[in-house]
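S.K.: If it helps, the file is called upload.csv and holds CSV, C-alpha atoms and all ligand atoms:
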```
chain,number,residue,atom,x,y,z
H,304,MET,CA,170.8,101.9,122.4
H,305,LYS,CA,172.3,101.4,125.9
H,306,ILE,CA,171.1,103.6,128.7
H,307,PHE,CA,173.0,103.6,132.0
H,308,VAL,CA,170.6,104.1,135.0
H,309,THR,CA,172.0,104.8,138.4
H,310,GLY,CA,169.7,104.0,141.3
H,311,CYS,CA,168.0,101.5,139.0
H,312,CYS,CA,166.3,99.6,141.8
H,313,GLY,CA,164.9,102.7,143.5
H,314,TYR,CA,161.4,104.0,143.2
H,315,ILE,CA,161.7,106.3,140.2
H,316,GLY,CA,164.6,104.3,138.7
H,317,SER,CA,162.8,100.9,138.7
H,318,HIS,CA,159.6,102.4,137.1
H,319,THR,CA,161.7,104.1,134.4
H,320,CYS,CA,163.6,100.9,133.7
H,321,THR,CA,160.4,99.0,133.0
H,322,LEU,CA,159.5,101.6,130.3
H,323,LEU,CA,163.0,101.7,128.9
H,324,LEU,CA,163.0,97.9,128.4
H,325,GLU,CA,159.5,97.9,127.0
H,326,LYS,CA,160.5,100.5,124.5
H,327,GLY,CA,163.5,98.4,123.3
H,328,TYR,CA,166.3,100.1,125.0
H,329,GLU,CA,169.1,98.1,126.6
H,330,VAL,CA,169.5,99.0,130.3
H,331,VAL,CA,172.8,99.0,132.3
H,332,GLY,CA,171.9,99.5,136.0
H,333,LEU,CA,173.8,100.4,139.2
H,334,ASP,CA,172.5,100.3,142.7
H,335,ASN,CA,173.9,100.0,146.2
H,336,PHE,CA,170.6,99.0,147.9
H,337,SER,CA,170.9,101.9,150.4
H,338,ASN,CA,167.2,102.6,149.9
H,339,SER,CA,166.0,99.8,147.6
H,340,LYS,CA,165.9,96.0,147.4
H,341,ARG,CA,167.7,93.5,145.1
H,342,SER,CA,164.3,91.7,144.6
H,343,VAL,CA,163.2,94.7,142.4
H,344,LEU,CA,165.4,93.3,139.6
H,345,ASN,CA,163.3,90.1,139.5
H,346,LYS,CA,160.1,92.2,139.5
H,347,ILE,CA,161.4,94.3,136.5
H,348,LYS,CA,162.1,91.0,134.7
H,349,LYS,CA,158.6,89.7,135.5
H,350,ILE,CA,157.1,92.9,134.1
H,351,THR,CA,159.2,93.1,131.0
H,352,ASN,CA,160.6,89.6,130.5
H,353,LYS,CA,164.0,91.3,130.0
H,354,ASP,CA,167.1,91.6,132.1
H,355,ILE,CA,169.1,94.6,133.2
H,356,ILE,CA,172.9,94.4,132.9
H,357,PHE,CA,173.3,95.0,136.7
H,358,TYR,CA,176.2,96.2,138.8
H,359,GLU,CA,176.0,96.5,142.5
H,360,GLY,CA,178.0,99.3,144.0
H,361,ASN,CA,178.4,103.0,144.9
H,362,MET,CA,178.5,106.0,142.6
H,363,LEU,CA,181.6,107.2,144.5
H,364,ASN,CA,183.6,104.1,143.2
H,365,LYS,CA,185.2,105.6,140.1
H,366,GLU,CA,186.9,102.3,139.2
H,367,LEU,CA,183.5,100.7,139.0
H,368,LEU,CA,182.1,103.5,136.9
H,369,ASP,CA,185.1,103.2,134.6
H,370,GLU,CA,184.5,99.5,134.3
H,371,ILE,CA,180.8,100.1,133.4
H,372,PHE,CA,181.7,102.6,130.7
H,373,THR,CA,184.5,100.5,129.4
H,374,LYS,CA,182.4,97.3,129.1
H,375,ASN,CA,179.3,98.9,127.8
H,376,ASN,CA,178.8,101.3,124.9
H,377,ILE,CA,176.6,103.7,126.8
H,378,ASP,CA,174.6,106.3,124.8
H,379,CYS,CA,172.9,108.2,127.6
H,380,VAL,CA,173.0,108.3,131.4
H,381,ILE,CA,170.0,108.8,133.7
H,382,ASP,CA,171.2,109.6,137.2
H,383,PHE,CA,168.7,108.8,139.9
H,384,ALA,CA,171.0,107.7,142.7
H,385,ALA,CA,170.7,110.1,145.6
H,386,PHE,CA,169.5,110.3,149.2
H,387,LYS,CA,166.2,112.1,149.1
H,388,SER,CA,164.7,112.6,152.6
H,389,VAL,CA,164.3,116.3,153.4
H,390,GLY,CA,164.1,115.7,157.2
H,391,ASP,CA,167.0,113.2,157.2
H,392,SER,CA,169.2,115.7,155.3
H,393,VAL,CA,168.7,118.3,158.1
H,394,LEU,CA,170.2,115.8,160.5
H,395,LYS,CA,173.0,114.4,158.2
H,396,PRO,CA,174.2,117.2,155.9
H,397,ILE,CA,177.7,115.8,155.4
H,398,GLN,CA,176.3,112.4,154.2
H,399,TYR,CA,173.9,114.2,151.9
H,400,TYR,CA,176.5,116.5,150.3
H,401,THR,CA,179.0,113.6,150.0
H,402,ASN,CA,176.5,111.2,148.5
H,403,ASN,CA,174.5,113.6,146.4
H,404,VAL,CA,177.2,115.9,145.1
H,405,ASN,CA,180.4,114.0,145.1
H,406,SER,CA,178.8,111.0,143.4
H,407,VAL,CA,177.7,113.2,140.5
H,408,LEU,CA,181.2,114.7,140.2
H,409,THR,CA,182.6,111.1,140.1
H,410,LEU,CA,180.0,110.2,137.5
H,411,LEU,CA,180.7,113.2,135.3
H,412,THR,CA,184.5,112.6,135.5
H,413,SER,CA,184.1,109.1,134.3
H,414,MET,CA,181.6,110.1,131.6
H,415,GLN,CA,184.0,112.8,130.2
H,416,GLU,CA,186.9,110.3,130.2
H,417,HIS,CA,184.8,107.8,128.2
H,418,ASN,CA,183.3,110.4,125.9
H,419,VAL,CA,179.7,109.8,127.1
H,420,LYS,CA,178.1,113.2,126.8
H,421,LYS,CA,174.3,112.7,127.2
H,422,LEU,CA,172.9,113.0,130.8
H,423,ILE,CA,169.4,113.2,132.3
H,424,PHE,CA,169.8,114.4,135.9
H,425,SER,CA,167.1,113.9,138.6
H,426,SER,CA,166.7,117.2,140.4
H,427,SER,CA,163.8,118.4,142.6
H,428,ALA,CA,161.3,121.2,143.0
H,429,THR,CA,163.0,121.8,146.4
H,430,VAL,CA,165.6,123.9,144.5
H,431,TYR,CA,162.9,126.6,144.3
H,432,GLY,CA,162.7,126.8,148.1
H,433,ASN,CA,159.6,128.7,149.1
H,434,PRO,CA,158.6,129.6,145.6
H,435,GLU,CA,158.3,133.3,144.6
H,436,PHE,CA,155.1,132.4,142.7
H,437,VAL,CA,152.9,129.4,141.8
H,438,PRO,CA,152.4,127.7,139.5
H,439,ILE,CA,156.2,127.5,139.3
H,440,THR,CA,157.9,127.9,135.9
H,441,GLU,CA,161.5,126.9,135.2
H,442,ASN,CA,162.6,130.6,135.3
H,443,CYS,CA,161.2,131.0,138.9
H,444,GLU,CA,164.1,132.0,141.2
H,445,VAL,CA,166.0,129.1,142.7
H,446,GLY,CA,168.3,129.2,145.7
H,447,ASN,CA,166.5,129.8,148.9
H,448,THR,CA,166.5,126.1,149.6
H,449,THR,CA,165.4,125.2,153.2
H,450,ASN,CA,167.3,121.9,153.7
H,451,PRO,CA,170.5,120.1,152.7
H,452,TYR,CA,168.7,117.8,150.3
H,453,GLY,CA,167.4,120.7,148.3
H,454,THR,CA,170.7,122.5,148.5
H,455,SER,CA,172.6,119.3,147.3
H,456,LYS,CA,170.4,119.3,144.2
H,457,LEU,CA,170.9,123.1,143.7
H,458,PHE,CA,174.7,122.6,143.9
H,459,THR,CA,174.6,119.8,141.3
H,460,GLU,CA,172.5,121.9,139.0
H,461,LYS,CA,175.2,124.7,139.2
H,462,ILE,CA,177.9,122.1,138.5
H,463,LEU,CA,176.0,120.9,135.4
H,464,LYS,CA,175.5,124.5,134.1
H,465,ASP,CA,179.3,125.1,134.5
H,466,LEU,CA,180.1,121.8,132.7
H,467,SER,CA,177.7,122.6,129.9
H,468,LEU,CA,179.6,125.9,129.3
H,469,ALA,CA,183.0,124.3,129.6
H,470,ASP,CA,182.3,121.3,127.4
H,471,PRO,CA,179.8,122.2,124.7
H,472,GLU,CA,179.7,118.6,123.5
H,473,PHE,CA,177.5,117.7,126.6
H,474,LYS,CA,173.7,117.5,126.2
H,475,ILE,CA,172.1,117.7,129.6
H,476,ILE,CA,168.5,117.6,130.8
H,477,ILE,CA,167.7,118.6,134.4
H,478,PHE,CA,164.3,117.3,135.5
H,479,ARG,CA,162.9,119.0,138.5
H,480,TYR,CA,160.5,116.5,140.0
H,481,PHE,CA,157.5,117.6,142.1
H,482,ASN,CA,156.0,114.9,144.2
H,483,PRO,CA,156.1,111.4,142.7
H,484,VAL,CA,153.5,108.9,144.0
H,485,GLY,CA,151.7,105.8,142.9
H,486,ALA,CA,152.9,102.5,141.5
H,487,HIS,CA,153.2,100.3,138.4
H,488,LYS,CA,149.8,98.9,137.3
H,489,SER,CA,151.1,95.3,138.0
H,490,SER,CA,151.6,96.2,141.7
H,491,LEU,CA,154.9,94.4,141.4
H,492,ILE,CA,156.9,97.6,142.0
H,493,GLY,CA,156.0,100.7,143.9
H,494,GLU,CA,157.2,103.1,146.6
H,495,ASP,CA,158.7,100.9,149.2
H,496,PRO,CA,160.9,103.0,151.5
H,497,LEU,CA,162.8,101.3,154.3
H,498,GLY,CA,161.6,102.2,157.8
H,499,ILE,CA,159.0,104.8,158.8
H,500,PRO,CA,158.1,106.8,155.6
H,501,ALA,CA,158.9,110.5,155.6
H,502,ASN,CA,156.6,111.2,152.6
H,503,LEU,CA,152.9,111.6,152.7
H,504,MET,CA,151.6,108.9,150.4
H,505,PRO,CA,153.7,106.0,151.7
H,506,TYR,CA,152.7,107.0,155.2
H,507,ILE,CA,149.0,107.1,154.3
H,508,CYS,CA,149.5,103.6,152.8
H,509,LYS,CA,151.0,102.2,156.0
H,510,VAL,CA,148.0,103.7,157.9
H,511,ALA,CA,145.7,102.1,155.4
H,512,ASN,CA,147.5,98.8,155.9
H,513,LYS,CA,147.2,99.1,159.6
H,514,GLU,CA,151.0,99.2,160.1
H,515,LEU,CA,150.6,102.7,161.6
H,516,ASP,CA,147.7,103.9,163.7
H,517,TYR,CA,147.1,107.4,162.2
H,518,LEU,CA,148.6,110.1,160.0
H,519,ASN,CA,150.0,113.2,161.5
H,520,VAL,CA,148.9,116.2,159.4
H,521,PHE,CA,151.9,118.6,159.7
H,522,GLY,CA,150.1,121.9,160.3
H,523,ASN,CA,146.7,123.2,159.2
H,524,ASP,CA,147.6,126.9,159.4
H,525,TYR,CA,149.3,127.3,156.1
H,526,ASN,CA,148.2,130.0,153.6
H,527,THR,CA,146.4,127.5,151.5
H,528,LYS,CA,142.8,126.5,150.5
H,529,ASP,CA,142.2,124.5,153.7
H,530,GLY,CA,145.3,125.4,155.7
H,531,THR,CA,147.2,122.2,155.0
H,532,GLY,CA,150.2,121.9,152.7
H,533,VAL,CA,149.6,121.9,148.9
H,534,ARG,CA,151.8,119.9,146.6
H,535,ASP,CA,151.9,118.8,142.9
H,536,TYR,CA,151.6,115.0,143.0
H,537,ILE,CA,152.6,113.2,139.8
H,538,HIS,CA,152.0,109.6,139.0
H,539,ILE,CA,155.3,107.6,138.9
H,540,MET,CA,154.5,106.3,135.4
H,541,ASP,CA,154.0,109.8,134.0
H,542,LEU,CA,157.4,110.7,135.6
H,543,ALA,CA,158.9,107.5,134.0
H,544,ASP,CA,157.5,108.4,130.6
H,545,ALA,CA,159.1,111.9,130.8
H,546,HIS,CA,162.5,110.2,130.9
H,547,ILE,CA,161.7,108.3,127.7
H,548,LYS,CA,160.7,111.6,126.1
H,549,GLY,CA,163.9,113.1,127.5
H,550,ILE,CA,166.1,110.5,125.8
H,551,GLU,CA,164.3,111.2,122.5
H,552,LYS,CA,164.9,114.9,123.0
H,553,LEU,CA,168.6,114.4,123.6
H,554,GLY,CA,168.8,112.3,120.5
H,555,ASN,CA,167.5,115.1,118.3
H,556,SER,CA,168.4,118.3,120.0
H,557,GLN,CA,171.3,120.8,119.9
H,558,ASN,CA,174.0,120.5,122.5
H,559,GLY,CA,173.4,122.3,125.7
H,560,LEU,CA,171.5,122.2,129.0
H,561,TYR,CA,167.7,122.0,129.2
H,562,ILE,CA,165.6,122.3,132.4
H,563,TYR,CA,162.0,121.0,132.8
H,564,ASN,CA,159.5,121.0,135.7
H,565,LEU,CA,157.8,117.6,135.9
H,566,GLY,CA,154.5,118.0,137.6
H,567,THR,CA,150.8,117.9,136.7
H,568,GLY,CA,150.2,121.6,137.1
H,569,LYS,CA,147.6,120.9,139.8
H,570,GLY,CA,148.1,121.4,143.6
H,571,TYR,CA,146.4,119.2,146.1
H,572,SER,CA,146.3,119.7,149.9
H,573,VAL,CA,147.0,117.1,152.5
H,574,LEU,CA,143.3,116.9,153.3
H,575,GLU,CA,142.3,116.6,149.6
H,576,MET,CA,144.8,113.7,149.3
H,577,ILE,CA,143.3,112.0,152.4
H,578,ASN,CA,139.8,112.4,151.1
H,579,THR,CA,140.7,111.1,147.6
H,580,PHE,CA,142.5,108.1,149.0
H,581,GLU,CA,139.6,107.3,151.3
H,582,LYS,CA,137.1,107.6,148.4
H,583,VAL,CA,138.8,105.6,145.7
H,584,ASN,CA,140.0,102.8,148.1
H,585,ASN,CA,136.8,102.8,150.3
H,586,ILE,CA,138.9,103.0,153.5
H,587,LYS,CA,139.2,105.4,156.4
H,588,ILE,CA,142.5,107.1,157.1
H,589,PRO,CA,142.5,108.3,160.8
H,590,TYR,CA,144.6,111.5,161.2
H,591,LYS,CA,145.5,114.1,163.8
H,592,ILE,CA,146.6,117.7,163.2
H,593,ALA,CA,150.2,118.0,164.4
H,594,PRO,CA,152.6,120.9,164.5
H,595,ARG,CA,154.2,122.1,161.3
H,596,ARG,CA,157.3,120.1,160.1
H,597,SER,CA,160.5,122.3,159.9
H,598,GLY,CA,161.5,123.1,156.3
H,599,ASP,CA,158.0,122.6,154.9
H,600,ILE,CA,156.4,125.3,152.7
H,601,ASP,CA,152.8,126.4,152.1
H,602,GLU,CA,152.3,125.4,148.5
H,603,CYS,CA,154.4,124.1,145.6
H,604,TYR,CA,153.0,123.1,142.2
H,605,ALA,CA,154.3,123.2,138.7
H,606,ASP,CA,153.7,125.0,135.5
H,607,SER,CA,154.7,122.1,133.2
H,608,LYS,CA,153.9,123.8,129.8
H,609,LYS,CA,157.5,123.8,128.8
H,610,ALA,CA,157.9,120.1,129.2
H,611,ASN,CA,154.5,119.5,127.6
H,612,LYS,CA,155.6,121.4,124.5
H,613,GLU,CA,159.3,120.6,124.1
H,614,LEU,CA,159.1,117.0,125.1
H,615,ASN,CA,155.7,116.3,123.7
H,616,TRP,CA,154.8,114.9,127.1
H,617,THR,CA,151.6,115.1,129.0
H,618,CYS,CA,150.4,113.4,132.2
H,619,GLN,CA,148.0,110.5,131.7
H,620,TYR,CA,147.1,109.8,135.3
H,621,ASN,CA,145.1,111.8,137.9
H,622,LEU,CA,145.1,111.8,141.7
H,623,GLU,CA,142.5,109.0,141.9
H,624,ASP,CA,144.8,106.8,139.8
H,625,MET,CA,147.7,107.6,142.1
H,626,CYS,CA,145.8,106.7,145.2
H,627,LYS,CA,144.4,103.5,143.7
H,628,ASP,CA,147.8,102.3,142.4
H,629,ALA,CA,149.7,103.2,145.5
H,630,TYR,CA,147.2,101.2,147.7
H,631,ASN,CA,147.1,98.3,145.3
H,632,PHE,CA,150.9,98.0,145.6
H,633,ILE,CA,150.6,97.8,149.4
H,634,ILE,CA,147.8,95.3,149.6
H,635,LYS,CA,149.3,93.0,147.0
H,636,ASN,CA,152.7,93.0,148.7
H,637,LYS,CA,151.6,92.6,152.3
H,701,LIG,C1,153.9,116.4,151.3
H,701,LIG,C2,152.9,117.2,152.2
H,701,LIG,C3,153.8,117.7,154.4
H,701,LIG,C4,154.1,113.5,155.7
H,701,LIG,C5,159.7,116.0,149.5
H,701,LIG,C6,160.9,116.5,148.8
H,701,LIG,C7,160.7,116.3,147.3
H,701,LIG,C8,160.4,114.9,147.1
H,701,LIG,C9,159.1,114.5,147.8
H,701,LIG,C10,162.3,113.7,146.5
H,701,LIG,C11,153.6,118.3,153.0
H,701,LIG,C12,152.6,116.7,154.5
H,701,LIG,C13,153.9,114.7,154.9
H,701,LIG,C14,153.3,113.3,156.8
H,701,LIG,C15,152.1,115.3,156.4
H,701,LIG,N1,161.5,114.1,147.4
H,701,LIG,N2,152.9,115.5,155.3
H,701,LIG,N3,152.3,114.2,157.2
H,701,LIG,O1,158.1,117.5,151.6
H,701,LIG,O2,156.5,118.1,149.6
H,701,LIG,O3,158.6,116.9,149.2
H,701,LIG,O4,159.4,114.7,149.2
H,701,LIG,O5,162.2,113.6,145.3
H,701,LIG,O6,161.8,116.7,146.6
H,701,LIG,O7,161.1,117.9,149.0
H,701,LIG,O8,156.8,115.7,150.3
H,701,LIG,O9,155.3,113.8,151.0
H,701,LIG,O10,157.0,114.7,152.7
H,701,LIG,O11,155.0,116.1,152.1
H,701,LIG,O12,151.2,116.1,156.7
H,701,LIG,O13,153.4,112.3,157.6
H,701,LIG,O14,152.4,116.3,153.1
H,701,LIG,O15,153.7,118.7,155.4
H,701,LIG,O16,152.6,119.4,153.1
H,701,LIG,P1,157.5,117.1,150.3
H,701,LIG,P2,156.1,115.0,151.6
```
Write out the structure in this file as structure tokens.
Ligand code: WQD
M.R.:
Amino acid sequence: MKIFVTGCCGYIGSHTCTLLLEKGYEVVGLDNFSNSKRSVLNKIKKITNKDIIFYEGNMLNKELLDEIFTKNNIDCVIDFAAFKSVGDSVLKPIQYYTNNVNSVLTLLTSMQEHNVKKLIFSSSATVYGNPEFVPITENCEVGNTTNPYGTSKLFTEKILKDLSLADPEFKIIIFRYFNPVGAHKSSLIGEDPLGIPANLMPYICKVANKELDYLNVFGNDYNTKDGTGVRDYIHIMDLADAHIKGIEKLGNSQNGLYIYNLGTGKGYSVLEMINTFEKVNNIKIPYKIAPRRSGDIDECYADSKKANKELNWTCQYNLEDMCKDAYNFIIKNK
């Protein structure tokens, strides 16, 4: 069975591709290296001893998408390709809406023309905005997003819901990711953002690696257990495994659209993350309390019972594994 993975060299895409190949799927990949490196392809080969049928290019290039669907008998598409920095999106809304929304419209047009009707879409917990309650279930209200990144995911979810009603042959899963962190146990692939990281874990890793002097803790006056932001961190390999379970679900489910929260169901504060990272890696992470970051919310963590039950999926890794694997990736790729 051939799976088309957009953003195949990215953080979540690359980890998912390793599992797909190990499970015997054939993988067709697309990436434009806007936030990833070509060398990831060799790392995936090293891990799995298998090749991806790779195309370099942009999701907005319909001719390229048509070529991919014409040359490959694609069974299911997993769409990871998107810009994903909350802070960056506030500064560059047009780039975010163009890249994140128009690219999905181009993909869906090509899919429909080539009669490819199974899609797993990578969405985000940011569609919940400042959640009305925690832990967050899939029927928690969406819409009060606080940044263009989250709004671009919200728009795309609405497009997919409309498509599912208009073309009942489509089978669509929307995965709302919480906070993916960690790395493959081989330390060959991991979270490797270009430039200064916006997200907590890669920033902590750069402090641990002495590339940055200290961590700024964005606010300690939130309405949380210790005043710092609480999030649901999920190991990247648990997230990758959910996509394998998603493909299996689409293979034996009714047509329609399914939405799942992908989190551990546990919320950890910034200070708890720092303490855990220091403990498991036996290293000090200097930090300073800084002003709140605009667009941040107090706490956000998942109720993932629906995914657990309907996908037969449970998280295998805990916060200590996430901290250990993230740091191992950094020290083995200095
Ligand atoms: C986590 C916590 C910060 C950096 C976003 C997207 C989400 C996903 C992950 C795409 C918050 C605090 C952070 C730092 C800090 N992206 N923090 N100092 O904002 O929860 O989620 O990224 O899939 O969709 O919304 O993640 O890691 O940026 O922040 O104190 O240098 O760490 O305030 O409480 P976030 P994050």
S.K.: Which of these, H:Tyr452, H:Phe473, H:Phe357, H:Tyr399, has the shortest distance to H:Gly554 once you count all atoms listed in the file?
M.R.: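 Checking each candidate against H:Gly554, we get H:Phe473 as the closest.
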S.K.: Can you list, as a short mmCIF file (atom, residue, chain, number, x, y, z; two decimals) with C-alpha atoms, in the frame of the given file, every protein, DNA or RNA residue that comes within 8 Å of H:Ile588 when you count all atoms listed in the file, leaving out same-chain residues fewer than 3 positions away?
M.R.:
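Below is the file result_28.cif, written as the result:
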```
data_model
loop_
_atom_site.label_atom_id
_atom_site.label_comp_id
_atom_site.auth_asym_id
_atom_site.auth_seq_id
_atom_site.Cartn_x
_atom_site.Cartn_y
_atom_site.Cartn_z
CA ILE H 507 149.00 107.10 154.30
CA VAL H 510 148.00 103.70 157.90
CA ALA H 511 145.70 102.10 155.40
CA TYR H 517 147.10 107.40 162.20
CA LEU H 518 148.60 110.10 160.00
CA ILE H 577 143.30 112.00 152.40
CA GLU H 581 139.60 107.30 151.30
#
```
S.K.: List all protein, DNA and RNA residues that have any atom at most 6 Å from ligand LIG 701 (chain H), counting only C-alpha atoms and all ligand atoms, and write the list as a VMD selection string.
M.R.: chain H and resid 387 389 427 to 429 482 501 to 503 506 518 to 521 532 to 534 573 599
S.K.: Please report the interatomic distance between atom CA of H:Ala593 and atom CA of H:Lys456 in Å with one decimal.
M.R.: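 Here the two named atoms are 28.6 Å from each other.
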S.K.: Between atom CA of H:Lys612 and atom CA of H:Ile562, what is the distance in Å, rounded to a tenth?
M.R.: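 Separation between atom CA of H:Lys612 and atom CA of H:Ile562: 12.8 Å.
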S.K.: Closest to H:Met576 among H:Ala545, H:Ile592, H:Met504, H:Leu553, using all atoms listed in the file?
M.R.: H:Met504
S.K.: Would you please work out which residue, of H:Arg595, H:Lys474, H:Lys365, H:Lys627, is nearest to H:His538 when using all atoms listed in the file?
M.R.: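 Ranking H:Arg595, H:Lys474, H:Lys365, H:Lys627 by distance to H:His538, first place goes to H:Lys627.
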S.K.: Considering only C-alpha atoms, can you say which of H:Asn450, H:Ser426, H:Asn345, H:Thr309 comes closest to H:Tyr358?
M.R.: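 Smallest separation from H:Tyr358 among the options: H:Thr309.
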S.K.: Which polymer residues have any atom within 9 Å of an atom of H:Gly559, counting only C-alpha atoms, with same-chain residues fewer than 3 positions away left out, as a ChimeraX atom specification?
M.R.: /H:464,467-468,471-476,556
S.K.: Between atom CA of H:Thr527 and atom CA of H:Lys587, what distance in Å does the model show, to one decimal?
M.R.: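 So the answer is 23.8 Å.
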S.K.: So which one's closest to H:Tyr536, H:Phe458, H:Tyr563, H:Tyr604, H:Tyr400? Using all atoms listed in the file, please.
M.R.: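 Closest to H:Tyr536 of all the choices is H:Tyr604.
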S.K.: Could you check the closest approach to H:Val419 for each of H:Met362, H:Phe307, H:Thr440, H:Glu329 and tell me which residue wins, using all atoms listed in the file?
M.R.: H:Phe307
S.K.: Would you pick out the contacts of H:Met304 at 10 Å or less, using all atoms listed in the file, so that residues sharing its chain but fewer than 6 positions from it are not included, and give the list as a list in words?
M.R.: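 These residues fall inside the cut-off: Gly327, Tyr328, Glu329, Val330, Asn376, Ile377, Asp378 and Cys379 of chain H.
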S.K.: Find the residues around H:Leu324 up to 10 Å (all atoms listed in the file counted), leave out those fewer than 2 positions away in its own chain, and share them as a list of chain:residue names.
M.R.: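 So the residues in contact are H:Ile306, H:Thr319, H:Cys320, H:Thr321, H:Leu322, H:Lys326, H:Gly327, H:Tyr328, H:Glu329, H:Val330, H:Ile347, H:Lys348, H:Ile350, H:Thr351, H:Asn352, H:Lys353, H:Asp354, H:Ile355.
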S.K.: Considering only C-alpha atoms, return as a list in words whatever protein or nucleic-acid residues lie within 12 Å of H:Asn405, sequence-local ones (same chain, fewer than 2 positions apart) excluded.
M.R.: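 Listed by chain and then number, they are Asn361, Met362, Leu363, Asn364, Lys365, Ala384, Ala385, Ile397, Gln398, Tyr399, Tyr400, Thr401, Asn402, Asn403, Val407, Leu408, Thr409, Leu410, Leu411, Thr412, Ser455, Lys456, Phe458, Thr459 and Ile462 of chain H.
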S.K.: Could you complete stretch 576-589 of chain H so that it carries N, CA and C atoms, and give it back as a compact mmCIF listing (two decimals), in the frame of the given file?
M.R.:
```
# COMPACT_ATOMS: atom_id res chain seq x y z
N MET H 576 144.18 115.00 149.59
CA MET H 576 144.80 113.70 149.30
C MET H 576 144.15 112.62 150.20
N ILE H 577 143.97 112.93 151.48
CA ILE H 577 143.30 112.00 152.40
C ILE H 577 141.92 111.62 151.89
N ASN H 578 141.15 112.65 151.54
CA ASN H 578 139.80 112.40 151.10
C ASN H 578 139.72 111.59 149.81
N THR H 579 140.63 111.89 148.88
CA THR H 579 140.70 111.10 147.60
C THR H 579 141.04 109.69 147.86
N PHE H 580 142.05 109.50 148.70
CA PHE H 580 142.50 108.10 149.00
C PHE H 580 141.38 107.33 149.64
N GLU H 581 140.67 107.96 150.57
CA GLU H 581 139.60 107.30 151.30
C GLU H 581 138.45 106.91 150.25
N LYS H 582 138.18 107.84 149.35
CA LYS H 582 137.10 107.60 148.40
C LYS H 582 137.39 106.49 147.43
N VAL H 583 138.55 106.55 146.79
CA VAL H 583 138.80 105.60 145.70
C VAL H 583 139.13 104.18 146.32
N ASN H 584 139.62 104.13 147.54
CA ASN H 584 140.00 102.80 148.10
C ASN H 584 138.95 102.35 149.17
N ASN H 585 137.91 103.18 149.34
CA ASN H 585 136.80 102.80 150.30
C ASN H 585 137.39 102.42 151.65
N ILE H 586 138.23 103.32 152.20
CA ILE H 586 138.90 103.00 153.50
C ILE H 586 139.01 104.31 154.27
N LYS H 587 139.04 104.21 155.57
CA LYS H 587 139.20 105.40 156.40
C LYS H 587 140.63 105.60 156.81
N ILE H 588 141.08 106.83 156.74
CA ILE H 588 142.50 107.10 157.10
C ILE H 588 142.39 108.05 158.37
N PRO H 589 142.52 107.49 159.58
CA PRO H 589 142.50 108.30 160.80
C PRO H 589 143.72 109.31 160.75
```
